>>> print(open('my_file_25.txt').read())   # compact mmCIF, C-alpha atoms
# COMPACT_ATOMS: atom_id res chain seq x y z
CA MET A 19 69.28 85.25 97.11
CA LYS A 20 66.91 87.82 98.62
CA GLN A 21 67.72 86.68 102.15
CA PHE A 22 71.31 87.84 101.66
CA LEU A 23 70.44 91.29 100.35
CA PRO A 24 70.10 92.90 103.80
CA LEU A 25 73.52 91.49 104.70
CA LEU A 26 75.12 93.03 101.62
CA LEU A 27 73.47 96.39 102.22
CA ALA A 28 74.61 96.37 105.83
CA VAL A 29 78.23 95.59 105.10
CA CYS A 30 78.40 98.10 102.25
CA GLY A 31 76.96 100.86 104.45
CA PHE A 32 79.70 100.47 107.06
CA GLY A 33 77.94 102.71 109.57
CA GLY A 34 80.74 105.22 110.23
CA SER A 35 81.20 106.66 113.67
CA ALA A 36 78.85 105.48 116.39
CA ALA A 37 78.92 108.92 118.05
CA ALA A 38 77.66 110.94 115.07
CA GLY A 39 74.57 110.52 112.95
CA PRO A 40 74.59 110.48 109.15
CA CYS A 41 75.01 113.77 107.30
CA LEU A 42 71.69 115.08 105.97
CA THR A 43 70.65 117.68 103.45
CA GLY A 44 70.53 121.09 105.09
CA THR A 45 72.11 124.51 105.01
CA LEU A 46 75.73 125.34 105.70
CA GLN A 47 74.47 126.91 108.92
CA ASP A 48 72.95 123.56 109.91
CA TYR A 49 76.38 121.97 109.50
CA ILE A 50 77.95 124.73 111.58
CA ASN A 51 75.36 124.04 114.28
CA LEU A 52 76.50 120.40 114.49
CA GLY A 53 79.61 121.57 116.34
CA ALA A 54 82.33 119.14 117.36
CA GLY A 55 80.03 116.10 117.07
CA GLY A 56 79.62 116.48 113.33
CA CYS A 57 78.08 113.80 111.15
CA THR A 58 79.15 110.75 109.18
CA LEU A 59 79.75 110.98 105.46
CA GLY A 60 80.35 107.50 104.16
CA ALA A 61 83.52 106.19 105.79
CA VAL A 62 84.45 109.54 107.37
CA THR A 63 83.18 111.97 109.98
CA VAL A 64 83.05 115.69 109.22
CA SER A 65 82.81 118.15 112.10
CA GLY A 66 83.79 121.54 113.45
CA PHE A 67 82.34 123.61 110.60
CA ALA A 68 83.01 127.29 111.25
CA ILE A 69 82.94 130.51 109.26
CA VAL A 70 86.34 132.25 109.24
CA PRO A 71 87.32 135.80 108.22
CA GLY A 72 87.66 136.34 104.49
CA GLN A 73 88.66 139.27 102.33
CA SER A 74 87.82 142.51 104.08
CA PHE A 75 86.22 144.03 100.98
CA ALA A 76 84.06 140.99 100.17
CA THR A 77 80.40 140.48 101.04
CA PRO A 78 80.06 137.26 103.05
CA ILE A 79 77.56 134.76 101.64
CA ASP A 80 75.02 133.95 104.35
CA PRO A 81 75.47 130.26 105.35
CA LEU A 82 71.69 130.03 105.67
CA THR A 83 71.43 130.50 101.90
CA VAL A 84 73.91 127.74 101.01
CA GLN A 85 72.31 124.30 100.70
CA VAL A 86 74.50 121.28 101.45
CA ASN A 87 73.71 117.92 99.84
CA PRO A 88 75.89 115.09 101.23
CA ALA A 89 76.79 111.78 99.59
CA GLY A 90 78.89 109.01 101.16
CA GLY A 91 81.25 106.47 99.70
CA TYR A 92 84.99 105.96 99.40
CA LEU A 93 84.97 109.29 97.53
CA SER A 94 82.47 111.18 99.65
CA ARG A 95 81.21 114.61 98.70
CA LEU A 96 79.46 117.70 99.92
CA ASP A 97 77.54 119.50 97.18
CA LEU A 98 77.24 123.19 98.08
CA ILE A 99 74.37 124.86 96.21
CA PHE A 100 74.96 128.63 95.99
CA ASP A 101 72.79 129.95 93.14
CA ALA A 102 74.63 133.25 93.66
CA GLY A 103 75.32 136.02 91.15
CA ALA A 104 77.57 139.09 91.27
CA GLN A 105 77.41 142.19 89.10
CA ALA A 106 80.13 144.77 88.41
CA GLY A 107 81.63 145.92 91.70
CA ASP A 108 80.33 142.94 93.68
CA LEU A 109 82.54 140.34 95.35
CA LEU A 110 80.73 137.55 97.21
CA GLU A 111 82.65 135.10 99.38
CA SER A 112 81.96 131.99 101.44
CA ILE A 113 84.95 130.88 103.50
CA PHE A 114 84.77 128.21 106.19
CA ARG A 115 86.79 125.42 107.75
CA PHE A 116 85.99 121.93 108.98
CA HIS A 117 87.65 118.72 110.16
CA VAL A 118 87.61 115.26 108.60
CA ALA A 119 88.34 112.07 110.58
CA GLY A 120 88.49 108.52 109.27
CA ALA A 121 90.76 105.62 108.43
CA GLY A 122 92.88 105.85 105.31
CA LEU A 123 92.19 109.46 104.31
CA TYR A 124 94.22 110.20 101.20
CA THR A 125 92.70 112.91 98.98
CA THR A 126 90.60 116.07 98.87
CA GLY A 127 89.25 117.79 95.79
CA VAL A 128 86.90 120.48 94.55
CA LYS A 129 84.59 120.89 91.55
CA LEU A 130 82.66 123.77 90.02
CA ALA A 131 79.34 123.34 88.19
CA GLY A 132 76.99 125.90 86.72
CA ALA A 133 79.67 128.61 86.90
CA ARG A 134 79.98 131.41 84.35
CA ALA A 135 81.56 134.85 84.06
CA SER A 136 81.63 137.80 81.67
CA GLY A 137 83.95 140.76 81.24
CA ASP A 138 86.50 140.71 84.05
CA GLY A 139 84.30 138.57 86.31
CA ALA A 140 85.49 135.30 87.85
CA VAL A 141 84.33 132.39 90.00
CA THR A 142 86.82 130.52 92.18
CA SER A 143 86.64 127.62 94.61
CA THR A 144 89.74 126.70 96.60
CA LEU A 145 90.31 123.88 99.06
CA ASP A 146 93.31 124.02 101.40
CA THR A 147 94.02 120.83 103.34
CA CYS A 148 96.35 120.11 106.25
CA ALA A 149 96.80 116.33 106.48
CA GLY A 150 97.70 114.81 109.84
CA SER A 151 97.60 118.13 111.69
CA ALA A 152 95.67 121.42 111.81
CA PHE A 153 96.16 124.95 110.62
CA PRO A 154 96.89 126.86 113.85
CA GLY A 155 94.84 129.98 113.10
CA ASN A 156 92.01 131.26 110.94
CA GLN A 157 94.10 131.16 107.78
CA PRO A 158 95.26 128.06 105.87
CA THR A 159 98.93 128.57 106.77
CA GLY A 160 101.40 127.04 109.23
CA CYS A 161 100.36 123.39 108.74
CA ALA A 162 102.65 121.10 110.76
CA GLY A 163 101.60 118.11 108.65
CA VAL A 164 101.38 117.84 104.86
CA SER A 165 99.51 120.68 103.16
CA GLY A 166 98.08 121.03 99.68
CA SER A 167 95.72 123.30 97.75
CA ALA A 168 93.15 122.38 95.11
CA VAL A 169 92.04 125.34 92.96
CA THR A 170 89.24 125.76 90.42
CA ILE A 171 88.38 128.89 88.44
CA VAL A 172 86.03 130.09 85.73
CA THR A 173 86.60 133.30 83.74
CA PRO A 174 85.52 134.25 80.21
CA GLY A 175 88.82 132.85 78.91
CA LEU A 176 89.58 130.05 81.37
CA SER A 177 87.66 127.08 82.73
CA MET A 178 89.30 124.81 85.33
CA LEU A 179 86.38 122.90 86.83
CA TYR A 180 88.16 120.21 88.88
CA ASP A 181 91.30 119.89 90.98
CA ALA A 182 92.46 117.52 93.72
CA ARG A 183 95.44 116.74 95.93
CA THR A 184 96.60 113.43 97.36
CA PHE A 185 98.35 112.89 100.69
CA PRO A 186 100.09 110.11 102.60
CA PHE A 187 97.45 108.00 104.38
CA THR A 188 96.25 109.69 107.54
CA SER A 189 93.27 109.73 109.91
CA PHE A 190 92.74 113.52 110.04
CA PHE A 191 92.30 116.45 107.66
CA ASP A 192 91.86 120.12 108.56
CA VAL A 193 90.20 121.81 105.58
CA PHE A 194 89.58 125.41 104.52
CA ALA A 195 87.07 126.07 101.71
CA ASP A 196 87.09 129.49 100.02
CA ILE A 197 84.49 130.20 97.32
CA THR A 198 84.23 133.57 95.57
CA VAL A 199 81.83 135.01 92.99
CA ASP A 200 83.46 138.19 91.64
CA GLY A 201 81.75 140.56 89.21
CA GLY A 202 85.00 142.45 88.66
CA LEU A 203 85.01 146.13 87.77
CA GLY A 204 82.79 145.80 84.73
CA GLY A 205 81.69 142.19 84.39
CA SER A 206 79.48 139.61 86.08
CA ALA A 207 79.74 136.13 87.58
CA TYR A 208 77.43 133.35 88.67
CA LEU A 209 77.92 130.11 90.63
CA GLY A 210 75.45 127.27 90.82
CA ARG A 211 77.36 124.60 92.75
CA SER A 212 80.74 123.83 94.27
CA THR A 213 81.49 120.27 95.37
CA ILE A 214 83.97 119.19 98.03
CA LEU A 215 85.38 115.68 97.59
CA ILE A 216 86.99 113.53 100.31
CA GLY A 217 88.64 110.19 99.61
CA ALA A 218 89.23 107.42 102.16
CA THR A 219 90.20 103.78 101.70
CA PRO A 220 88.18 101.21 103.65
CA GLU A 221 89.71 99.45 106.64
CA PRO A 222 90.76 95.82 105.96
CA SER A 223 88.00 94.51 108.21
CA GLN A 224 85.42 96.43 106.19
CA VAL A 225 86.79 95.01 102.95
CA LEU A 226 86.49 91.50 104.39
CA LEU A 227 82.87 92.19 105.35
CA VAL A 228 82.04 93.31 101.82
CA LEU A 229 83.80 90.31 100.29
CA SER A 230 81.97 88.00 102.69
CA GLY A 231 78.66 89.50 101.66
CA LEU A 232 79.45 89.12 97.97
CA ALA A 233 80.58 85.53 98.54
CA ALA A 234 77.30 84.76 100.31
CA LEU A 235 75.36 86.15 97.35
CA ALA A 236 77.43 84.08 94.92
CA ILE A 237 76.93 80.86 96.93
CA ALA A 238 73.20 81.46 97.16
CA ARG A 239 73.00 81.95 93.40
CA ILE A 240 75.03 78.78 92.68
CA ARG A 241 72.78 76.74 94.98
CA LYS A 242 69.70 78.14 93.30
CA VAL A 243 71.03 77.18 89.85
CA HIS A 244 71.92 73.65 91.03
CA ALA A 245 68.49 73.20 92.61
CA TYR A 246 66.81 74.33 89.38
CA ARG A 247 68.87 71.89 87.29
CA ARG A 248 68.07 68.97 89.60
CA SER A 249 64.38 69.73 89.29
CA GLN A 250 64.47 69.45 85.47
>>> encode(input="my_file_25.txt", output="structure tokens")
Amino acid sequence: MKQFLPLLLAVCGFGGSAAAGPCLTGTLQDYINLGAGGCTLGAVTVSGFAIVPGQSFATPIDPLTVQVNPAGGYLSRLDLIFDAGAQAGDLLESIFRFHVAGAGLYTTGVKLAGARASGDGAVTSTLDTCAGSAFPGNQPTGCAGVSGSAVTIVTPGLSMLYDARTFPFTSFFDVFADITVDGGLGGSAYLGRSTILIGATPEPSQVLLVLSGLAALAIARIRKVHAYRRSQ
């Protein structure tokens, strides 16, 4: 059975795009520095990370202070570690866009974790997606494809920690992420982590590879059992 393990690991890994390397843990600035080449995140490639203008009265969160932890799979994710707090009168914002390419893209979502607020403070994380096309400017408006917004928020009286949108199958997403930590006029807010989720179905050929690998493991196990029984 052991001789088939490398085969199973290989077919489950898929390999992604040959032009881009795998996404690694780094800062948001590191991802911006990847440029158009991007990196592979499971079955998809993410690229073109760029900071865009946010609210004029907000303090931009330095992308060097935001750690990004990637994880692949059919529901791939980017964990954004902020560890950012705002007091009364403070509004912190991280707003950026990026592109997603891959076969069978169908959903994007966002989660909040370690978020809290007091008084009139609030934490929000919004994901705007244009499926099959791109937002023409530096705002998530004017999508010529199918657009959708996923919104999460934490206030003293409200906790919406997860939201997602599904789309017709496509090979391209243009995504805007907007995360705010708002202390309000007399409150406070804190954000530990916001997670971006991207869903893609595997191509039929990839499914066949996985099934072939599982079949090989099953055959090897059956043969091993038969050989053991004959030896008794």
>>> axis_aligned_box(input="my_file_25.txt", around="stretch 182-191 of chain A", padding_each_side="5 Å", output="JSON")
{"center_x": 96.2, "center_y": 112.8, "center_z": 101.9, "size_x": 17.8, "size_y": 19.5, "size_z": 26.3}
>>> closest_residue(input="my_file_25.txt", among="A:Ser65, A:Thr58, A:Gln47, A:Ser206", to="A:Phe116", atoms="only C-alpha atoms")
A:Ser65
>>> closest_residue(input="my_file_25.txt", among="A:Leu59, A:Pro78, A:Thr83, A:Pro40", to="A:Gly217", atoms="only C-alpha atoms")
A:Leu59
>>> atom_distance(input="my_file_25.txt", atom1="atom CA of A:Thr144", atom2="atom CA of A:Gly91")
22.2 Å
>>> atom_distance(input="my_file_25.txt", atom1="atom CA of A:Thr159", atom2="atom CA of A:Tyr208")
28.5 Å
>>> closest_residue(input="my_file_25.txt", among="A:Gln157, A:Thr198, A:Ser167, A:Ser212", to="A:Leu179", atoms="all atoms listed in the file")
A:Ser212
>>> closest_residue(input="my_file_25.txt", among="A:Asn156, A:Cys57, A:Gly120, A:Gly202", to="A:Ala76", atoms="all atoms listed in the file")
A:Gly202
>>> closest_residue(input="my_file_25.txt", among="A:Val199, A:Ala89, A:Ala54, A:Val70", to="A:Thr142", atoms="all atoms listed in the file")
A:Val199
>>> atom_distance(input="my_file_25.txt", atom1="atom CA of A:Ile99", atom2="atom CA of A:Thr170")
16.0 Å
